[in-house]
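Worksheet for the structure shown next.
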Amino acid sequence: MKKLKFLPDAPSDAATGSPRFQAFDLLATLVAVVRTDGVVVFANAALEDALGTSRRTIEGSYLPDCFTEPRILQNALEGAGSNEFAALRYDAWLKRLSQEPMPVHVVLAQTDTAGEAIIELLPLEQQAKQDREERLMDQAQANKELIRNLAHEIKNPLGGIRGAAQLLQMDIDKSLTEYTQVIIHEADRLQALVDRLLAPHRRPHLVGDVNIHEVCERVRSLILAEFPRGLRFMRDYDISIPDFRGDREQLIQAVLNIAHNAVQALAERISAGEAQITFKTRIARQVTFGKQRYRLALELHVVDNGPGVPDAIKDRIFYPLISGREGGSGLGLTLAQTFVQQHHGLIECDSVPGRTDFKVLIPLP
């Protein structure tokens, strides 16, 4: 990265101890306050980390020099200074010390101080992550409404179909009862499916102290009881993670659904004795998901060495009734996402052949 030019006459509220810009240090996004001549007045901690140089060096420097195409920012600042616009957005490449340039989305806005602008830099990977999380949240809400409405629409006619089949069975020839039995059996099967769809919305949220490792150990024992051979469980726990308030049974069911999904994908490796599932827990700090920023969050990773999620359904795995396995109900991950979101959390999936990682994020107090 080109060495930053230092201009000693730049005022710095941070340097003088003013609280004016202190809140920007709490943000994960990269923020600089600059004069319209391009000189940096303040740089937050995130920008300091991204550039790989100290705040003292950045403040007083000429910010356009930090970009591969400095003229674009120069023109934007000139436009802001002459009041041609109040805000501007564009994509650019941010140069970094001893690293490849980083693609960023630049947001430039005027402040209430004449001759000054705020520049926010959103790494495009982070922007894509935020967009993906917003889609997941919106999708989950849409799924919830769809499931509830669809289940109620199915439930009432099913009762009538089953009752009619029972009445018909009493009046027809005995040789034809196998057909009425098929109707009754299928009506019962659909009723069970509807009950599963409605289960998360019927059961009250029972809140108590939850230890995530007790949840993991319960799921591990259930899975190993079902698959005692050919499957190895690895545990990588951060035992410093505190208990938190939540619904223990819901979280057990959520993690069990994810683990069951992994086991089903590992069928061939289990037969060969090569299957592995890893439970990994960590504390994430200063994270943003679900449009909110949290000081601390629990990260639970359920990682398997299976073939990966098929590309055809990778973007839809949390949709109801979407399954990559023949005969699968497509409800396990949908319900898991619903249970986790009832804890203000989110499930994400990163999958390539040989490694699928379901990450459960839950805010901690």
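Identifiers in this document derive from the order of the structure tokens: chains are assigned A, B, ..., residues are numbered from 1 separately in each chain, and ligands are numbered from 1 in order of occurrence.
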
Excluding Tyr237 in chain A and any residue of its chain fewer than 4 positions from it, enumerate the residues within 12 Å of it, using only C-alpha atoms, and give them as an mmCIF file with N, CA and C atoms, in the first residue's frame.
```cif
data_model
loop_
_atom_site.group_PDB
_atom_site.id
_atom_site.type_symbol
_atom_site.label_atom_id
_atom_site.label_comp_id
_atom_site.auth_asym_id
_atom_site.auth_seq_id
_atom_site.Cartn_x
_atom_site.Cartn_y
_atom_site.Cartn_z
ATOM 1 N N ASN A 211 -27.271 -24.955 29.445
ATOM 2 C CA ASN A 211 -25.844 -25.169 29.218
ATOM 3 C C ASN A 211 -25.704 -25.835 27.860
ATOM 4 N N ILE A 212 -25.046 -25.157 26.932
ATOM 5 C CA ILE A 212 -24.996 -25.655 25.552
ATOM 6 C C ILE A 212 -24.281 -26.998 25.461
ATOM 7 N N HIS A 213 -23.343 -27.251 26.379
ATOM 8 C CA HIS A 213 -22.611 -28.517 26.306
ATOM 9 C C HIS A 213 -23.469 -29.685 26.800
ATOM 10 N N GLU A 214 -24.377 -29.412 27.735
ATOM 11 C CA GLU A 214 -25.334 -30.454 28.120
ATOM 12 C C GLU A 214 -26.259 -30.783 26.956
ATOM 13 N N CYS A 216 -25.443 -30.494 23.750
ATOM 14 C CA CYS A 216 -24.634 -31.255 22.789
ATOM 15 C C CYS A 216 -24.444 -32.708 23.229
ATOM 16 N N GLU A 217 -24.185 -32.902 24.520
ATOM 17 C CA GLU A 217 -23.960 -34.261 25.017
ATOM 18 C C GLU A 217 -25.229 -35.105 24.933
ATOM 19 N N ILE A 241 -17.932 -20.945 28.129
ATOM 20 C CA ILE A 241 -19.210 -20.384 27.680
ATOM 21 C C ILE A 241 -20.217 -20.462 28.822
ATOM 22 N N THR A 278 -18.396 -33.394 14.190
ATOM 23 C CA THR A 278 -17.708 -32.598 15.208
ATOM 24 C C THR A 278 -18.665 -31.561 15.781
ATOM 25 N N PHE A 279 -18.727 -31.498 17.108
ATOM 26 C CA PHE A 279 -19.412 -30.416 17.808
ATOM 27 C C PHE A 279 -18.336 -29.448 18.307
ATOM 28 N N LYS A 280 -18.435 -28.202 17.894
ATOM 29 C CA LYS A 280 -17.439 -27.197 18.280
ATOM 30 C C LYS A 280 -18.169 -25.972 18.817
ATOM 31 N N THR A 281 -17.799 -25.512 20.001
ATOM 32 C CA THR A 281 -18.425 -24.327 20.591
ATOM 33 C C THR A 281 -17.388 -23.231 20.790
ATOM 34 N N ARG A 282 -17.798 -22.021 20.533
ATOM 35 C CA ARG A 282 -16.937 -20.855 20.715
ATOM 36 C C ARG A 282 -17.787 -19.655 21.128
ATOM 37 N N ILE A 283 -17.133 -18.636 21.677
ATOM 38 C CA ILE A 283 -17.774 -17.351 21.927
ATOM 39 C C ILE A 283 -17.340 -16.390 20.820
ATOM 40 N N LEU A 298 -23.053 -17.030 21.242
ATOM 41 C CA LEU A 298 -22.631 -18.428 21.203
ATOM 42 C C LEU A 298 -22.527 -18.874 19.754
ATOM 43 N N GLU A 299 -21.436 -19.552 19.431
ATOM 44 C CA GLU A 299 -21.275 -20.210 18.132
ATOM 45 C C GLU A 299 -21.183 -21.706 18.369
ATOM 46 N N LEU A 300 -22.139 -22.446 17.830
ATOM 47 C CA LEU A 300 -22.084 -23.899 17.858
ATOM 48 C C LEU A 300 -21.972 -24.388 16.426
ATOM 49 N N HIS A 301 -20.892 -25.100 16.140
ATOM 50 C CA HIS A 301 -20.675 -25.670 14.809
ATOM 51 C C HIS A 301 -20.956 -27.171 14.855
ATOM 52 N N VAL A 302 -21.771 -27.638 13.915
ATOM 53 C CA VAL A 302 -21.990 -29.071 13.713
ATOM 54 C C VAL A 302 -21.397 -29.381 12.347
#
```

Expected answer as a ChimeraX atom specification: helix (DSSP H, G or I) residues in range 117-322 of chain A: /A:124-171,174-202,212-226,248-265,267-272,311-316

Limited to C-alpha atoms, could you put the picked residues into a file as a tab-separated table (two decimals), in the first residue's frame?
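The resulting out11.tsv:
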```tsv
chain	number	residue	atom	x	y	z
A	124	LEU	CA	-18.38	-6.74	0.15
A	125	GLU	CA	-18.09	-10.17	1.81
A	126	GLN	CA	-19.66	-8.67	4.94
A	127	GLN	CA	-22.36	-6.98	2.87
A	128	ALA	CA	-23.13	-10.30	1.17
A	129	LYS	CA	-23.28	-11.98	4.58
A	130	GLN	CA	-25.71	-9.37	5.90
A	131	ASP	CA	-27.88	-9.73	2.80
A	132	ARG	CA	-27.87	-13.52	3.22
A	133	GLU	CA	-28.85	-13.25	6.89
A	134	GLU	CA	-31.67	-10.84	6.06
A	135	ARG	CA	-32.94	-13.28	3.43
A	136	LEU	CA	-32.82	-16.11	5.98
A	137	MET	CA	-34.80	-14.08	8.51
A	138	ASP	CA	-37.38	-12.99	5.95
A	139	GLN	CA	-37.57	-16.52	4.59
A	140	ALA	CA	-38.11	-17.98	8.06
A	141	GLN	CA	-40.93	-15.52	8.77
A	142	ALA	CA	-42.57	-16.33	5.43
A	143	ASN	CA	-42.14	-20.05	6.12
A	144	LYS	CA	-43.79	-19.65	9.51
A	145	GLU	CA	-46.86	-17.96	8.06
A	146	LEU	CA	-47.05	-20.38	5.14
A	147	ILE	CA	-46.80	-23.44	7.37
A	148	ARG	CA	-49.40	-22.26	9.84
A	149	ASN	CA	-51.90	-21.28	7.15
A	150	LEU	CA	-51.31	-24.39	5.05
A	151	ALA	CA	-51.50	-26.73	8.03
A	152	HIS	CA	-54.80	-25.28	9.19
A	153	GLU	CA	-56.22	-25.50	5.67
A	154	ILE	CA	-55.23	-29.18	5.45
A	155	LYS	CA	-56.23	-30.16	8.99
A	156	ASN	CA	-60.00	-29.59	8.73
A	157	PRO	CA	-60.65	-31.53	5.49
A	158	LEU	CA	-58.47	-34.39	6.74
A	159	GLY	CA	-60.78	-35.00	9.68
A	160	GLY	CA	-63.76	-35.16	7.33
A	161	ILE	CA	-61.99	-37.54	4.94
A	162	ARG	CA	-61.01	-39.91	7.74
A	163	GLY	CA	-64.51	-39.84	9.29
A	164	ALA	CA	-66.17	-40.51	5.93
A	165	ALA	CA	-63.82	-43.44	5.29
A	166	GLN	CA	-64.68	-44.96	8.67
A	167	LEU	CA	-68.40	-44.66	8.00
A	168	LEU	CA	-68.00	-46.11	4.54
A	169	GLN	CA	-66.02	-49.04	5.94
A	170	MET	CA	-68.98	-50.07	8.13
A	171	ASP	CA	-71.38	-50.30	5.15
A	174	LYS	CA	-65.56	-56.71	3.65
A	175	SER	CA	-63.47	-57.39	0.55
A	176	LEU	CA	-63.28	-53.62	-0.09
A	177	THR	CA	-62.20	-52.55	3.40
A	178	GLU	CA	-58.53	-52.60	2.40
A	179	TYR	CA	-59.26	-49.50	0.29
A	180	THR	CA	-60.89	-47.63	3.15
A	181	GLN	CA	-57.96	-48.67	5.34
A	182	VAL	CA	-55.61	-47.02	2.83
A	183	ILE	CA	-57.62	-43.80	3.05
A	184	ILE	CA	-57.61	-43.87	6.88
A	185	HIS	CA	-53.91	-44.71	7.03
A	186	GLU	CA	-52.94	-41.91	4.63
A	187	ALA	CA	-55.20	-39.44	6.44
A	188	ASP	CA	-53.44	-40.36	9.70
A	189	ARG	CA	-50.02	-39.92	8.05
A	190	LEU	CA	-50.95	-36.47	6.77
A	191	GLN	CA	-52.38	-35.57	10.18
A	192	ALA	CA	-49.05	-36.49	11.78
A	193	LEU	CA	-47.25	-34.31	9.23
A	194	VAL	CA	-49.56	-31.38	9.98
A	195	ASP	CA	-48.99	-31.84	13.72
A	196	ARG	CA	-45.23	-31.69	13.15
A	197	LEU	CA	-45.62	-28.52	11.10
A	198	LEU	CA	-47.66	-26.86	13.84
A	199	ALA	CA	-45.65	-28.18	16.79
A	200	PRO	CA	-43.22	-25.21	17.13
A	201	HIS	CA	-46.10	-22.73	17.17
A	202	ARG	CA	-48.32	-24.64	19.61
A	212	ILE	CA	-25.00	-25.66	25.55
A	213	HIS	CA	-22.61	-28.52	26.31
A	214	GLU	CA	-25.33	-30.45	28.12
A	215	VAL	CA	-27.46	-29.97	25.00
A	216	CYS	CA	-24.63	-31.26	22.79
A	217	GLU	CA	-23.96	-34.26	25.02
A	218	ARG	CA	-27.64	-35.20	25.03
A	219	VAL	CA	-27.77	-35.08	21.24
A	220	ARG	CA	-24.51	-37.00	20.98
A	221	SER	CA	-25.82	-39.82	23.18
A	222	LEU	CA	-29.05	-40.03	21.16
A	223	ILE	CA	-27.21	-40.22	17.84
A	224	LEU	CA	-24.67	-42.79	19.04
A	225	ALA	CA	-27.47	-44.94	20.47
A	226	GLU	CA	-28.99	-45.03	16.98
A	248	ARG	CA	-33.57	-26.47	26.59
A	249	GLU	CA	-35.89	-28.95	24.86
A	250	GLN	CA	-36.25	-26.77	21.81
A	251	LEU	CA	-32.49	-26.40	21.49
A	252	ILE	CA	-31.95	-30.15	21.93
A	253	GLN	CA	-34.46	-30.73	19.12
A	254	ALA	CA	-32.79	-28.12	16.91
A	255	VAL	CA	-29.29	-29.59	17.34
A	256	LEU	CA	-30.69	-33.13	17.01
A	257	ASN	CA	-32.33	-32.21	13.71
A	258	ILE	CA	-29.05	-30.80	12.39
A	259	ALA	CA	-27.11	-33.86	13.58
A	260	HIS	CA	-29.70	-36.23	12.08
A	261	ASN	CA	-29.38	-34.35	8.80
A	262	ALA	CA	-25.63	-34.91	8.94
A	263	VAL	CA	-26.00	-38.61	9.77
A	264	GLN	CA	-28.32	-39.14	6.81
A	265	ALA	CA	-25.76	-37.51	4.51
A	267	ALA	CA	-24.77	-43.06	5.21
A	268	GLU	CA	-22.03	-44.31	2.87
A	269	ARG	CA	-19.21	-43.20	5.16
A	270	ILE	CA	-20.91	-44.87	8.13
A	271	SER	CA	-20.99	-48.13	6.18
A	272	ALA	CA	-17.27	-47.70	5.48
A	311	ASP	CA	-25.90	-27.36	-5.26
A	312	ALA	CA	-29.49	-27.55	-6.49
A	313	ILE	CA	-30.89	-27.00	-2.98
A	314	LYS	CA	-28.01	-25.19	-1.24
A	315	ASP	CA	-29.89	-21.87	-1.16
A	316	ARG	CA	-33.18	-23.50	-0.11
```

From A:Glu84, A:Leu51, A:Leu361, A:Ala109, residue lying nearest Arg35 in chain A [only C-alpha atoms]: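 Residue with the minimum atom-to-atom distance to Arg35 in chain A: A:Ala109.
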
For Ala76 in chain A: contacts at 9 Å, only C-alpha atoms, fewer than 6 positions along chain excluded, given as number ranges by chain: A: 36, 88, 108

Excluding Leu77 in chain A and any residue of its chain fewer than 5 positions from it, enumerate the residues within 9 Å of it, using only C-alpha atoms, and give them as a PyMOL selection string. chain A and resi 34-38+72+82+108+116-117

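Residues within 6 Å of Gly354 in chain A, counting only C-alpha atoms and excluding same-chain residues fewer than 6 positions away, are Asn305, Gly306 and Pro307 of chain A.
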
Quick one: residues within 12 Å of Leu364 in chain A, only C-alpha atoms counted, chain neighbours fewer than 4 positions away excluded, as a PyMOL selection string? chain A and resi 209-212+241-246+282-287+293-299+343-345

Which residues are near Leu30 in chain A? Cut-off 8 Å, only C-alpha atoms, ignore same chain within fewer than 5 positions. Put them as a JSON list (two decimals) with C-alpha atoms, in the first residue's frame.
```
[["chain", "number", "residue", "atom", "x", "y", "z"],
["A", 44, "ASN", "CA", -12.38, 4.00, 13.95],
["A", 45, "ALA", "CA", -10.78, 0.83, 15.29],
["A", 46, "ALA", "CA", -12.24, -1.35, 12.52],
["A", 47, "LEU", "CA", -10.61, 0.80, 9.82],
["A", 50, "ALA", "CA", -8.39, -3.31, 8.09],
["A", 120, "GLU", "CA", -18.40, 4.12, 5.73],
["A", 121, "LEU", "CA", -16.66, 1.15, 4.09],
["A", 122, "LEU", "CA", -18.54, -2.14, 3.98]]
```

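Distance check against Asp357 in chain A using only C-alpha atoms: of A:Val303, A:Leu335, A:Val39, A:Ile118, the minimum falls on A:Val303.
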
If you run DSSP over the backbone, which residues in range 32-267 of chain A end up strand (DSSP E)? Put them as a ChimeraX atom specification. /A:32-35,40-43,87-96,99-110,116-123,208-210,231-236,244-246

Could the residues in this selection be saved with C-alpha atoms as a short mmCIF file (atom, residue, chain, number, x, y, z; two decimals), in the first residue's frame?
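And here is the file that came out, again-v9.cif:
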```
data_model
loop_
_atom_site.label_atom_id
_atom_site.label_comp_id
_atom_site.auth_asym_id
_atom_site.auth_seq_id
_atom_site.Cartn_x
_atom_site.Cartn_y
_atom_site.Cartn_z
CA ALA A 32 -13.60 7.50 8.65
CA VAL A 33 -14.56 11.12 9.19
CA VAL A 34 -12.78 13.32 6.63
CA ARG A 35 -12.63 16.92 5.58
CA VAL A 40 -8.80 12.16 7.77
CA VAL A 41 -10.17 13.68 10.97
CA PHE A 42 -11.04 10.38 12.66
CA ALA A 43 -10.62 6.66 11.90
CA ALA A 87 -24.93 10.99 0.11
CA LEU A 88 -23.20 8.78 -2.46
CA ARG A 89 -22.55 5.04 -2.82
CA TYR A 90 -20.09 3.17 -5.03
CA ASP A 91 -17.83 0.10 -5.01
CA ALA A 92 -14.05 0.39 -4.73
CA TRP A 93 -10.85 -1.43 -3.74
CA LEU A 94 -9.21 -0.52 -0.42
CA LYS A 95 -5.43 -0.92 -0.29
CA ARG A 96 -4.01 -2.67 2.78
CA GLN A 99 -2.17 -7.66 1.88
CA GLU A 100 -4.25 -7.82 -1.27
CA PRO A 101 -6.70 -4.93 -1.81
CA MET A 102 -10.12 -5.47 -0.23
CA PRO A 103 -13.35 -4.94 -2.21
CA VAL A 104 -15.58 -2.51 -0.31
CA HIS A 105 -18.85 -0.67 -0.76
CA VAL A 106 -18.25 3.01 -0.03
CA VAL A 107 -21.01 5.13 1.53
CA LEU A 108 -20.19 8.84 1.71
CA ALA A 109 -22.52 11.19 3.58
CA GLN A 110 -22.30 14.79 4.75
CA GLU A 116 -16.79 17.41 6.70
CA ALA A 117 -18.06 13.98 5.57
CA ILE A 118 -18.46 10.49 7.00
CA ILE A 119 -17.18 7.61 4.89
CA GLU A 120 -18.40 4.12 5.73
CA LEU A 121 -16.66 1.15 4.09
CA LEU A 122 -18.54 -2.14 3.98
CA PRO A 123 -16.40 -5.12 2.95
CA GLY A 208 -34.75 -21.75 31.90
CA ASP A 209 -30.97 -21.89 32.31
CA VAL A 210 -29.35 -23.73 29.39
CA LEU A 231 -19.61 -42.99 13.28
CA ARG A 232 -17.09 -41.03 15.34
CA PHE A 233 -18.05 -37.94 17.35
CA MET A 234 -15.41 -35.27 17.99
CA ARG A 235 -15.91 -32.63 20.68
CA ASP A 236 -14.15 -29.26 20.68
CA PHE A 244 -27.96 -18.59 29.11
CA ARG A 245 -31.72 -18.30 29.25
CA GLY A 246 -33.55 -20.45 26.74
#
```

So how far away is CA of Gln276 in chain A from CA of Pro353 in chain A, in Å? 13.8 Å

In Å, rounded to a single decimal, give me how far CA of Pro363 in chain A is from CA of Phe289 in chain A. 9.4 Å

Between CA of Gln22 in chain A and CA of Ile362 in chain A, distance in Å (one decimal): 27.3 Å
